[in-house]
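*Asks:* Please read through the structure below; I'll follow up with questions.
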Amino acid sequence: MLYKLSLRNIKKSFKDYAIYFVTLMLGVAIFYIFNAIDSQTVLINVTKSTREIINLMVNMLSGVSVFVSIILGFLIIYASRFLIKRRNKEFGIYLTLGMSKRKIGTILLIETIIIGLLSLATGLVAGVLLSQLMSVFVANMFEADMTKFTFIVSSEAIIKTIIYFGIMYLLVMIFNTFSVGKCKLIDLLYASKKTEKIKLKNPIICIVIFIISAIILGYAYWCVTIGVEGMQNAGEIFIPMILGAVSTFFIIWSVSGLILKLVMHFKGTYFKGLNSFTLRQISSKINTTVFSMTIICLMLFFTICIFSSSLSIKNSMTANLKELAPIDIELYKTVNMTDEHAAEYGYTPEVVEDSKISINETLERLNFDINDNFKDMTNVFVYATDELTTKDTLGNSISYVKKNYPYLDLNSAEAIMTVSDYNKVAKLYGNETFTLKNNEYILVADFDGWIGIRNEALKANAPITILGQTYYPKYDEIKKGFLNISSNHINAGIFVVPDSAVNDSLKEQEHLLANYKASDEEGKKEIEDKISDLGNEAYASGTNISASTKLSIYEGSVGLGALVTFIGLYLGIIFLISSAAILALKELSESTDNKERFNMLRKLGADEKMINKALFRQIGIFFLFPLVLAIIHSIFGIYFCNYLLATFGDEELLPSIIMTAIFLIVIYGSYFVITYLCSKNIIKE
Amino acid sequence: MNILKIRNVEKYYGSRSSLTKAIDNISFDVDKGEFVAIMGASGSGKTTLLNCISTIDRVTAGHILVSGEDITTLKGNNLNKFRREELGFIFQDFNLLDTLTAYENIALALSIQNTKYPEINVKVKEVAKALNISNILNKYPYQLSGGQKQRVAAARAIITNPKLVLADEPTGALDSKSSRMLLESFDALNEQYEATILMVTHDALAASYANRVIFIKDGKIFNELIKGNDTRKEFFDKIIDVVTLLGGDLNDAL
């Protein structure tokens with residue numbers, strides 16, 4: 001009997017449940033997709049280093065999944081509270097007919113189980129299907145071979161999804177039983193009769209609070225943009241975040257009161273058509289949901305920032321690679337190591353001995369034939385001296401630097417290269433080459449943060465002294481260039497000096513730059529594998545030679561980009577559907593009240609066009625309000641993310657913002673349209 | 001002049017096998033400026049009749065003419081236009097919008113018709129004065145008593161200057177004192193605005209304020225009383241006589 005009642009209830013209120021159900025289904029599907037990524041068949045044949053990144057990603061995704069399930073859990077509890085509220089009268093009638101609260105609890109329990117099972121089942125089916133689509137995306141991300149694709153179902157992910165959602169539903173059941181046990185019959189029966197009390201906020205208090213929170217918000221914005229340089233450790237970012245969240249709450253609180261007052265002031269507009277009605281509806285709705293509005297606004301803000309930053313990281317990383325890793329391999333080791341140095345870093349006498357021979361010889365001892373494997377070989381040296389530390393290079397600008405960058409280490413020795421060595425590198429990389437007079441130097445760098453500092457010194461014509469000789473800058477600005485291949489712009493500065501300026505005693509590091517002697521990717525991979533196997537050679541423990549290779553940088557970079565993108569997408573989509581679902585549920589759960597109101601308007605003679613327009617505006621503003629605030633936040637948020645991620649390059653911001661906008665419009669927009677259509681249907685009946 | 005002509009109106013519910021005649025061939029006229037009450041027991045068809053006149057429901061057969069226009073053939077937005085411009089409604093449960101103040105509730109009827117604000121303001125003040133609700137205009141429905149709410153609803157119904165005001169059990173949710181005050185204001189509207197009022201009620205006291213009372217039983221007109229030169233008390237007694245004759249549960253209402 002109870003089961004029948006539950007089933008009927010679900011059928012009857014399917015329209016109310018529909019959007020809740022779809023959201024649950026989407027939640028389950030997304031949860032499955034992101035937890036099933038590692039079992040994608042296209043990923044079976046990736047290289048070792050990519051595999052490592054995928055493992056890292058899987059670990060991070062399962063961590064994020066816990067967070068996601070907390071968010072979804074809150075959403076489900078919030079939603080079921082709405083749905084119970086809607087049915088107060090029904091439960092009231094059951095109680096007057098003598099049904100016990102426990103039985104009502106059982107009805108709710110059965111309903112939750114049915115809805116839960118259905119959404120789990122359909123969500124998993126949708127998830128399995130969509131994850132096939134996902135493999136195209138995954139393959140693209142990791143540049144894996146799409147021909148290996150087969151239809152796959154990850155039982156591990158299915159079990160995980162079932163466990164996580166099972167726990168969530170269990171919590172909801174407990175919550176439901178608890179809230180049914182607490183309610184009183186009189187409140188249930190007269191819930192719909194209770195007229196809403198309208199509390200108009202005092203406009204003066206509203207204005208004062210609005211101004212105060214706007215100032216606080218402005219300060220938070222300032223902290224993450226202009227004032228961002230003053231931020232010294234990661235913990236400080238929480239201050240503007242908390243300030244921003246709190247002021248968002250109070251801005252929403254005060255604006256909902258102010259807008260009404262403001263428009264009421266323009267009586268011509270206020271008393272036009274259904275404006276007065278629409279405005280009152282919106283303001284009462286926002287008034288009663290200030291807290292959820294704040295949460296929604298913040299979730300949208302995070303979504304926008306996460307989406308656009310993660311997409312731009314991925315884009316700029318890939319774009320940087322061609323420029324920043326122009327050769328296949330760079331090998332380097334410390335030369336002429338002193339005994340003190342060895343003692344300080346714990347190097348064995350063998351390593352000290354090895355530092356006295358060239359890289360080429362070391363490679364020979366490692367049984368590696370360089371002439372067989374390498375072409376375009378270029379050997380260069382980096383020099384350094386304690387006479388030339390950062391503080392010695394800044395000239396008159398040192399006081400400026402000390403004031404603005406108090407935490408900068410100014411005591412490390414600077415890298416020096418001879419102009420002929422540097423030109424060899426530049427030629428190989430396709431960078432600009434230089435000529436120098438006897439008393440000139442050039443500073444090359446590509447790390448934005450340092451370029452600013454260095455330019456101050458160059459503008460002041462700061463001299464440097466090496467071995468008693470003084471040199472002056474040839475140019476009053478940094479020249480772009482680098483020696484180490486990498487995925488990012490990380491060259492903080494290399495001083496290029498005339499060949500005569502240094503001698504062998506200052507040699508610090510030897511670098512061997514080369515391309516692989518192979519005609520195709522396969523051959524290059526073979527050589528790469530030989531290189532990574534060198535670590536197993538007997539001589540390997542007797543040298544501190546290191547290598548960066550284009551392939552490893554590339555894979556690391558692609559993997560990192562993919563990792564960031566996946567986590568961004570995962571969180572972003574969950575945030576987005578959660579916030580849109582809360583808005584939609586709030587709107588739909590009030591549709592019964594609205595139905596009466598719109599019927600009243602119809603009796604007053606408002607035609608369908610007017611009513612639809614009023615409904616559209618009402619829902620539209622309700623959806624837009626938190627979005628607009630979130631977009632304003634995001635302008636500053638994205639600026640800040642960009643600052644943090646500056647080393648990844650910021651060339652690709654616009655496309656990722658456009659992508660984000662498309663995502664927002666599609667997901668958030670469809671929730672809006674569905675809500676509008678459902679509400680229209682409900683008030684029509 | 002006839003504002004409302006009802007000609008052979010019929011309204012059936014149900015299927016052919018179990019047909020219910022809610023209205024069975026009713027015809028009558030209402031003149032301009034008349035205050036007509038329709039009385040009948042629950043289930044007699046009086047509310048169905050009102051719904052048909054107000055175009056909320058459709059007739060099965062027959063015609064309803066409001067100042068010469070046949071409203072049974074109106075459709076879609078013409079219906080809304082008709083309701084907007086020709087009719088005013090007063091309901092048993094007030095049907096005020098709880099999010100709006102009394103003033104805004106009254107003004108809404110005009111703003112739907114795209115009346116400009118200065119004119120709205122003048123009219124609202126005027127009608128509020130006539131209904132003695134000027135001092136409560138800035139209050140919300142939840143702050144008002146039933147009688148006050150119903151007078152706000154009456155103000156809203158009358159402010160658009162409709163040809164016909166339809167009142168469905170307007171005193172149904174009011175105590176007797178509030179009822180009297182409301183009915184007196186109906187009389188005032190009737191005289192001051194020359195409003196034509198058609199009121200459905202099962203309350204003899206409410207009916208005694210009208211100029212004419214039409215009794216309906218089982219979907220047919222059973223009797224008709226005209227106040228003429230009687231005092232309200234005399235008219236009330238006559239109504240009670242008919243009610244007694246009608247018998248049934250209408251007695252319970254007294």
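Residues are named by chain letter and number: chains run A, B, ... in the order of the structure tokens, numbers start at 1 in each chain, and ligands are numbered from 1 in the order shown.
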What residues in chain A have any atom no more than 12 Å from chain B when counting only C-alpha atoms, and can you write them as number ranges by chain?
*Replies:* A: 193-200, 260, 264-285, 593-611, 614
*Asks:* Take the residues just selected and output them with C-alpha atoms as a compact mmCIF listing (two decimals), in the first residue's frame.
*Replies:*
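Just written: out-v1.txt:
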# COMPACT_ATOMS: atom_id res chain seq x y z
CA LYS A 193 -2.69 29.33 3.89
CA LYS A 194 0.10 31.17 5.65
CA THR A 195 0.42 34.46 3.90
CA GLU A 196 3.91 35.57 3.29
CA LYS A 197 5.01 38.40 5.52
CA ILE A 198 6.73 41.09 3.56
CA LYS A 199 9.46 42.82 5.40
CA LEU A 200 10.71 45.87 3.59
CA LEU A 260 12.85 47.54 -5.34
CA MET A 264 9.40 52.10 -6.95
CA HIS A 265 10.72 55.61 -7.06
CA PHE A 266 10.14 55.75 -10.81
CA LYS A 267 6.40 55.37 -10.56
CA GLY A 268 5.88 55.57 -14.32
CA THR A 269 7.96 52.42 -14.80
CA TYR A 270 6.84 50.68 -11.66
CA PHE A 271 3.16 51.01 -12.47
CA LYS A 272 3.53 49.84 -16.04
CA GLY A 273 2.03 46.56 -17.11
CA LEU A 274 2.98 43.78 -14.72
CA ASN A 275 6.21 45.47 -13.63
CA SER A 276 5.10 46.01 -10.05
CA PHE A 277 4.11 42.38 -9.76
CA THR A 278 7.28 41.01 -11.37
CA LEU A 279 9.55 43.21 -9.31
CA ARG A 280 7.86 42.24 -6.06
CA GLN A 281 8.12 38.57 -6.96
CA ILE A 282 11.82 38.81 -7.68
CA SER A 283 12.62 40.89 -4.66
CA SER A 284 10.73 38.58 -2.31
CA LYS A 285 12.45 35.59 -3.85
CA ASP A 593 2.00 29.76 -5.32
CA ASN A 594 2.81 31.35 -8.62
CA LYS A 595 0.06 29.45 -10.34
CA GLU A 596 -2.53 31.08 -8.11
CA ARG A 597 -0.99 34.48 -8.61
CA PHE A 598 -0.85 34.18 -12.37
CA ASN A 599 -4.41 32.90 -12.45
CA MET A 600 -5.37 36.01 -10.57
CA LEU A 601 -3.62 38.12 -13.16
CA ARG A 602 -5.50 36.28 -15.87
CA LYS A 603 -8.79 37.08 -14.19
CA LEU A 604 -7.74 40.70 -14.08
CA GLY A 605 -7.43 40.45 -17.84
CA ALA A 606 -3.67 40.12 -18.34
CA ASP A 607 -3.21 38.26 -21.62
CA GLU A 608 -0.89 35.29 -22.13
CA LYS A 609 1.77 37.41 -23.76
CA MET A 610 1.99 39.70 -20.76
CA ILE A 611 2.01 36.77 -18.36
CA ALA A 614 6.43 38.57 -16.69
*Asks:* Skip Ala342 of chain A itself and residues of its chain fewer than 4 positions away, then list as JSON, numbers by chain all residues within 12 Å of it, counting only C-alpha atoms.
*Replies:* {"A": [334, 335, 336, 337, 338, 346, 347, 348, 349, 350, 351, 352, 353, 354, 355, 543, 544]}
*Asks:* As a PyMOL selection string, please: the residues near Val444 of chain A (cut-off 6 Å, only C-alpha atoms, same-chain neighbours under 3 positions excluded).
*Replies:* chain A and resi 478-481+493-494
*Asks:* I need the residues in segment 10-201 of chain B that are helix (DSSP H, G or I) according to DSSP; give them as an MDAnalysis selection string.
*Replies:* chainID B and resid 46:53 71:73 76:86 102:111 117:130 134:136 141:143 146:158 176:192
*Asks:* Using only C-alpha atoms, which protein or nucleic acid residues come within 9 Å of Lys125 of chain B? Drop anything in the same chain fewer than 5 positions from it, and give the result as a VMD selection string.
*Replies:* chain B and resid 103 120 130 134 137
*Asks:* Given the choices B:Met1, B:Asn229, B:Ala207, B:Gly45, which gets closest to Thr20 of chain B if the distance is worked out from only C-alpha atoms?
*Replies:* B:Gly45
*Asks:* So, counting only C-alpha atoms, which residue among A:Ile313, A:Leu188, A:Ala220, A:Met25 is closest to Gly123 of chain A?
*Replies:* A:Met25
*Asks:* Find the residues near Ile306 of chain A: any atom within 10 Å, counting only C-alpha atoms, skip ones fewer than 6 places away on the same chain, and give them as a VMD selection string.
*Replies:* chain A and resid 300 312 564 to 565 567 to 572 634 637 to 638 641 660
*Asks:* Write the residues of the preceding selection, restricted to N, CA and C atoms, as a PDB file, in the first residue's frame.
*Replies:*
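Generated output (result17.pdb):
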ATOM      1  N   LEU A 300      29.439  29.931  -9.105  1.00  0.00           N
ATOM      2  CA  LEU A 300      29.578  30.359 -10.500  1.00  0.00           C
ATOM      3  C   LEU A 300      30.919  31.046 -10.709  1.00  0.00           C
ATOM      4  N   SER A 312      43.213  27.862 -20.354  1.00  0.00           N
ATOM      5  CA  SER A 312      44.292  28.694 -20.866  1.00  0.00           C
ATOM      6  C   SER A 312      45.658  28.103 -20.521  1.00  0.00           C
ATOM      7  N   VAL A 564      45.142  19.446 -15.404  1.00  0.00           N
ATOM      8  CA  VAL A 564      44.476  20.679 -14.982  1.00  0.00           C
ATOM      9  C   VAL A 564      43.130  20.811 -15.681  1.00  0.00           C
ATOM     10  N   THR A 565      43.108  20.484 -16.971  1.00  0.00           N
ATOM     11  CA  THR A 565      41.860  20.615 -17.708  1.00  0.00           C
ATOM     12  C   THR A 565      40.784  19.687 -17.164  1.00  0.00           C
ATOM     13  N   ILE A 567      40.491  18.304 -14.150  1.00  0.00           N
ATOM     14  CA  ILE A 567      40.002  18.705 -12.842  1.00  0.00           C
ATOM     15  C   ILE A 567      39.132  19.951 -12.970  1.00  0.00           C
ATOM     16  N   GLY A 568      39.572  20.858 -13.841  1.00  0.00           N
ATOM     17  CA  GLY A 568      38.786  22.062 -14.078  1.00  0.00           C
ATOM     18  C   GLY A 568      37.406  21.733 -14.620  1.00  0.00           C
ATOM     19  N   LEU A 569      37.370  20.863 -15.597  1.00  0.00           N
ATOM     20  CA  LEU A 569      36.084  20.488 -16.194  1.00  0.00           C
ATOM     21  C   LEU A 569      35.182  19.807 -15.176  1.00  0.00           C
ATOM     22  N   TYR A 570      35.766  18.878 -14.434  1.00  0.00           N
ATOM     23  CA  TYR A 570      35.015  18.101 -13.449  1.00  0.00           C
ATOM     24  C   TYR A 570      34.350  19.023 -12.429  1.00  0.00           C
ATOM     25  N   LEU A 571      35.194  19.836 -11.784  1.00  0.00           N
ATOM     26  CA  LEU A 571      34.659  20.742 -10.762  1.00  0.00           C
ATOM     27  C   LEU A 571      33.700  21.745 -11.370  1.00  0.00           C
ATOM     28  N   GLY A 572      34.111  22.288 -12.518  1.00  0.00           N
ATOM     29  CA  GLY A 572      33.297  23.325 -13.158  1.00  0.00           C
ATOM     30  C   GLY A 572      31.908  22.829 -13.480  1.00  0.00           C
ATOM     31  N   SER A 634      34.688  37.473 -11.402  1.00  0.00           N
ATOM     32  CA  SER A 634      35.598  36.691 -12.232  1.00  0.00           C
ATOM     33  C   SER A 634      36.604  37.551 -12.981  1.00  0.00           C
ATOM     34  N   GLY A 637      39.102  37.762 -10.585  1.00  0.00           N
ATOM     35  CA  GLY A 637      39.593  36.428 -10.286  1.00  0.00           C
ATOM     36  C   GLY A 637      40.490  35.898 -11.391  1.00  0.00           C
ATOM     37  N   ILE A 638      40.070  36.092 -12.627  1.00  0.00           N
ATOM     38  CA  ILE A 638      40.850  35.596 -13.763  1.00  0.00           C
ATOM     39  C   ILE A 638      42.164  36.367 -13.854  1.00  0.00           C
ATOM     40  N   CYS A 641      44.336  34.731 -11.304  1.00  0.00           N
ATOM     41  CA  CYS A 641      44.801  33.411 -11.757  1.00  0.00           C
ATOM     42  C   CYS A 641      45.896  33.591 -12.793  1.00  0.00           C
ATOM     43  N   THR A 660      34.717  29.136 -22.007  1.00  0.00           N
ATOM     44  CA  THR A 660      33.989  29.192 -20.741  1.00  0.00           C
ATOM     45  C   THR A 660      32.588  29.747 -20.945  1.00  0.00           C
TER      46      THR A 660
END
*Asks:* Using only C-alpha atoms for the distances, tell me which of A:Ile577, A:Cys678, A:Ile163, A:Val502 is nearest to Phe381 of chain A.
*Replies:*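 With only C-alpha atoms as the atom set, the closest residue is A:Val502.
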*Asks:* To one decimal place in Å, what is the distance between atom CA of Val28 of chain A and atom CA of Phe672 of chain A?
*Replies:*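 It comes out at 21.1 Å.
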*Asks:* Atom CA of Asn371 of chain A and atom CA of Leu506 of chain A, how far apart in Å?
*Replies:*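 Atom-to-atom, atom CA of Leu506 of chain A to atom CA of Asn371 of chain A, that is 28.9 Å.
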*Asks:* Mind checking which residues fall within 12 Å of Leu243 of chain A, counting only C-alpha atoms, ignoring those fewer than 6 positions away in the same chain, and posting them as a PyMOL selection string?
*Replies:* chain A and resi 212-224+236-237+249-251
*Asks:* Give the strand (DSSP E) residues of segment 44-251 of chain B, as assigned by DSSP on the backbone, as an MDAnalysis selection string.
*Replies:* chainID B and resid 61:66 69:70 87:90 164:168 197:201 212:217 220:226
*Asks:* Write to file, as a CSV table (one decimal), in the first residue's frame, the residues of the selection just made, with N, CA and C atoms.
*Replies:*
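Final output, saved to selection09.csv:
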chain,number,residue,atom,x,y,z
B,61,ALA,N,-24.5,25.4,-24.7
B,61,ALA,CA,-25.4,26.0,-25.7
B,61,ALA,C,-25.9,27.3,-25.2
B,62,GLY,N,-26.5,28.1,-26.1
B,62,GLY,CA,-27.0,29.4,-25.8
B,62,GLY,C,-26.0,30.5,-26.0
B,63,HIS,N,-26.5,31.7,-25.7
B,63,HIS,CA,-25.6,32.9,-25.9
B,63,HIS,C,-25.6,33.8,-24.7
B,64,ILE,N,-24.5,34.5,-24.5
B,64,ILE,CA,-24.4,35.5,-23.5
B,64,ILE,C,-23.9,36.8,-24.2
B,65,LEU,N,-24.7,37.9,-24.1
B,65,LEU,CA,-24.3,39.1,-24.8
B,65,LEU,C,-24.0,40.2,-23.7
B,66,VAL,N,-22.8,40.7,-23.8
B,66,VAL,CA,-22.5,41.9,-23.0
B,66,VAL,C,-22.5,43.1,-23.8
B,69,GLU,N,-22.4,42.4,-27.5
B,69,GLU,CA,-21.4,41.5,-28.1
B,69,GLU,C,-21.5,40.1,-27.5
B,70,ASP,N,-21.5,39.1,-28.4
B,70,ASP,CA,-21.7,37.7,-28.0
B,70,ASP,C,-20.3,37.2,-27.5
B,87,LEU,N,-15.0,43.6,-17.6
B,87,LEU,CA,-15.4,42.9,-16.4
B,87,LEU,C,-14.6,43.3,-15.2
B,88,GLY,N,-15.2,43.3,-14.0
B,88,GLY,CA,-14.5,43.4,-12.8
B,88,GLY,C,-14.9,42.2,-11.9
B,89,PHE,N,-13.9,41.6,-11.2
B,89,PHE,CA,-14.2,40.4,-10.4
B,89,PHE,C,-14.0,40.7,-8.9
B,90,ILE,N,-14.9,40.1,-8.1
B,90,ILE,CA,-14.7,40.0,-6.6
B,90,ILE,C,-14.9,38.6,-6.2
B,164,LEU,N,-19.5,45.5,-16.2
B,164,LEU,CA,-20.2,44.5,-15.3
B,164,LEU,C,-19.2,44.1,-14.2
B,165,VAL,N,-19.7,44.2,-12.9
B,165,VAL,CA,-18.9,43.7,-11.9
B,165,VAL,C,-19.5,42.3,-11.4
B,166,LEU,N,-18.6,41.3,-11.4
B,166,LEU,CA,-19.1,40.0,-11.0
B,166,LEU,C,-18.5,39.6,-9.6
B,167,ALA,N,-19.5,39.3,-8.7
B,167,ALA,CA,-19.0,39.1,-7.3
B,167,ALA,C,-19.5,37.7,-7.0
B,168,ASP,N,-18.5,36.8,-6.6
B,168,ASP,CA,-18.8,35.4,-6.3
B,168,ASP,C,-18.7,35.2,-4.8
B,197,ILE,N,-23.8,45.4,-11.1
B,197,ILE,CA,-23.2,44.4,-10.2
B,197,ILE,C,-24.0,43.1,-10.3
B,198,LEU,N,-23.4,42.0,-10.6
B,198,LEU,CA,-24.0,40.7,-10.5
B,198,LEU,C,-23.3,39.9,-9.4
B,199,MET,N,-24.2,39.6,-8.4
B,199,MET,CA,-23.5,38.9,-7.2
B,199,MET,C,-24.2,37.6,-7.0
B,200,VAL,N,-23.3,36.6,-6.9
B,200,VAL,CA,-23.8,35.2,-6.5
B,200,VAL,C,-23.6,35.0,-5.0
B,201,THR,N,-24.7,34.6,-4.4
B,201,THR,CA,-24.6,34.4,-2.9
B,201,THR,C,-25.6,33.4,-2.4
B,212,ARG,N,-32.6,43.4,-7.2
B,212,ARG,CA,-33.3,42.3,-7.8
B,212,ARG,C,-32.7,41.0,-7.4
B,213,VAL,N,-33.4,39.9,-7.0
B,213,VAL,CA,-32.8,38.6,-6.7
B,213,VAL,C,-33.4,37.6,-7.6
B,214,ILE,N,-32.5,36.8,-8.2
B,214,ILE,CA,-32.9,35.7,-9.1
B,214,ILE,C,-32.6,34.4,-8.3
B,215,PHE,N,-33.6,33.5,-8.1
B,215,PHE,CA,-33.3,32.2,-7.4
B,215,PHE,C,-33.1,31.1,-8.4
B,216,ILE,N,-32.1,30.3,-8.2
B,216,ILE,CA,-31.8,29.2,-9.1
B,216,ILE,C,-31.9,27.9,-8.4
B,217,LYS,N,-32.6,26.9,-9.0
B,217,LYS,CA,-32.6,25.6,-8.4
B,217,LYS,C,-32.5,24.6,-9.5
B,220,LYS,N,-32.2,25.7,-13.0
B,220,LYS,CA,-33.2,26.5,-13.7
B,220,LYS,C,-33.6,27.7,-12.8
B,221,ILE,N,-34.2,28.7,-13.4
B,221,ILE,CA,-34.6,29.9,-12.6
B,221,ILE,C,-35.9,29.5,-11.9
B,222,PHE,N,-35.9,29.7,-10.6
B,222,PHE,CA,-37.0,29.2,-9.8
B,222,PHE,C,-38.0,30.3,-9.5
B,223,ASN,N,-37.4,31.5,-9.3
B,223,ASN,CA,-38.2,32.6,-8.9
B,223,ASN,C,-37.4,33.9,-9.1
B,224,GLU,N,-38.1,35.1,-9.0
B,224,GLU,CA,-37.4,36.3,-9.2
B,224,GLU,C,-38.1,37.4,-8.3
B,225,LEU,N,-37.3,38.1,-7.5
B,225,LEU,CA,-37.9,39.1,-6.7
B,225,LEU,C,-37.3,40.5,-7.0
B,226,ILE,N,-38.2,41.5,-7.1
B,226,ILE,CA,-37.7,42.9,-7.3
B,226,ILE,C,-37.9,43.7,-6.1
*Asks:* Calculated over only C-alpha atoms, which of the candidates B:Lys75, B:Lys149, B:Lys238, B:Lys233 has the smallest distance to Pro170 of chain B?
*Replies:* B:Lys149
*Asks:* Please identify all polymer residues within 9 Å of Ile239 of chain B, counting only C-alpha atoms, omitting same-chain residues fewer than 3 positions from it, and present them as number ranges by chain.
*Replies:* B: 204-205, 207-208, 213, 225, 234-236, 242-244
*Asks:* May I have the selected residues written with C-alpha atoms, as a PDB file, in the first residue's frame?
*Replies:*
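Below you can see again-v2.pdb, which holds the result:
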ATOM      1  CA  ALA B 204     -30.195  36.236   2.268  1.00  0.00           C
ATOM      2  CA  LEU B 205     -28.817  39.262   4.049  1.00  0.00           C
ATOM      3  CA  ALA B 207     -29.055  39.411  -1.362  1.00  0.00           C
ATOM      4  CA  SER B 208     -31.316  41.942   0.372  1.00  0.00           C
ATOM      5  CA  VAL B 213     -32.837  38.649  -6.676  1.00  0.00           C
ATOM      6  CA  LEU B 225     -37.894  39.133  -6.658  1.00  0.00           C
ATOM      7  CA  GLU B 234     -39.156  44.147   3.891  1.00  0.00           C
ATOM      8  CA  PHE B 235     -37.143  42.876   0.950  1.00  0.00           C
ATOM      9  CA  PHE B 236     -35.149  40.634   3.269  1.00  0.00           C
ATOM     10  CA  VAL B 242     -38.721  32.251  -1.078  1.00  0.00           C
ATOM     11  CA  VAL B 243     -35.783  30.581   0.583  1.00  0.00           C
ATOM     12  CA  THR B 244     -38.168  28.684   2.826  1.00  0.00           C
TER      13      THR B 244
END
*Asks:* Quick one, how far is atom CA of Val127 of chain B from atom CA of Lys32 of chain B?
*Replies:* 19.8 Å
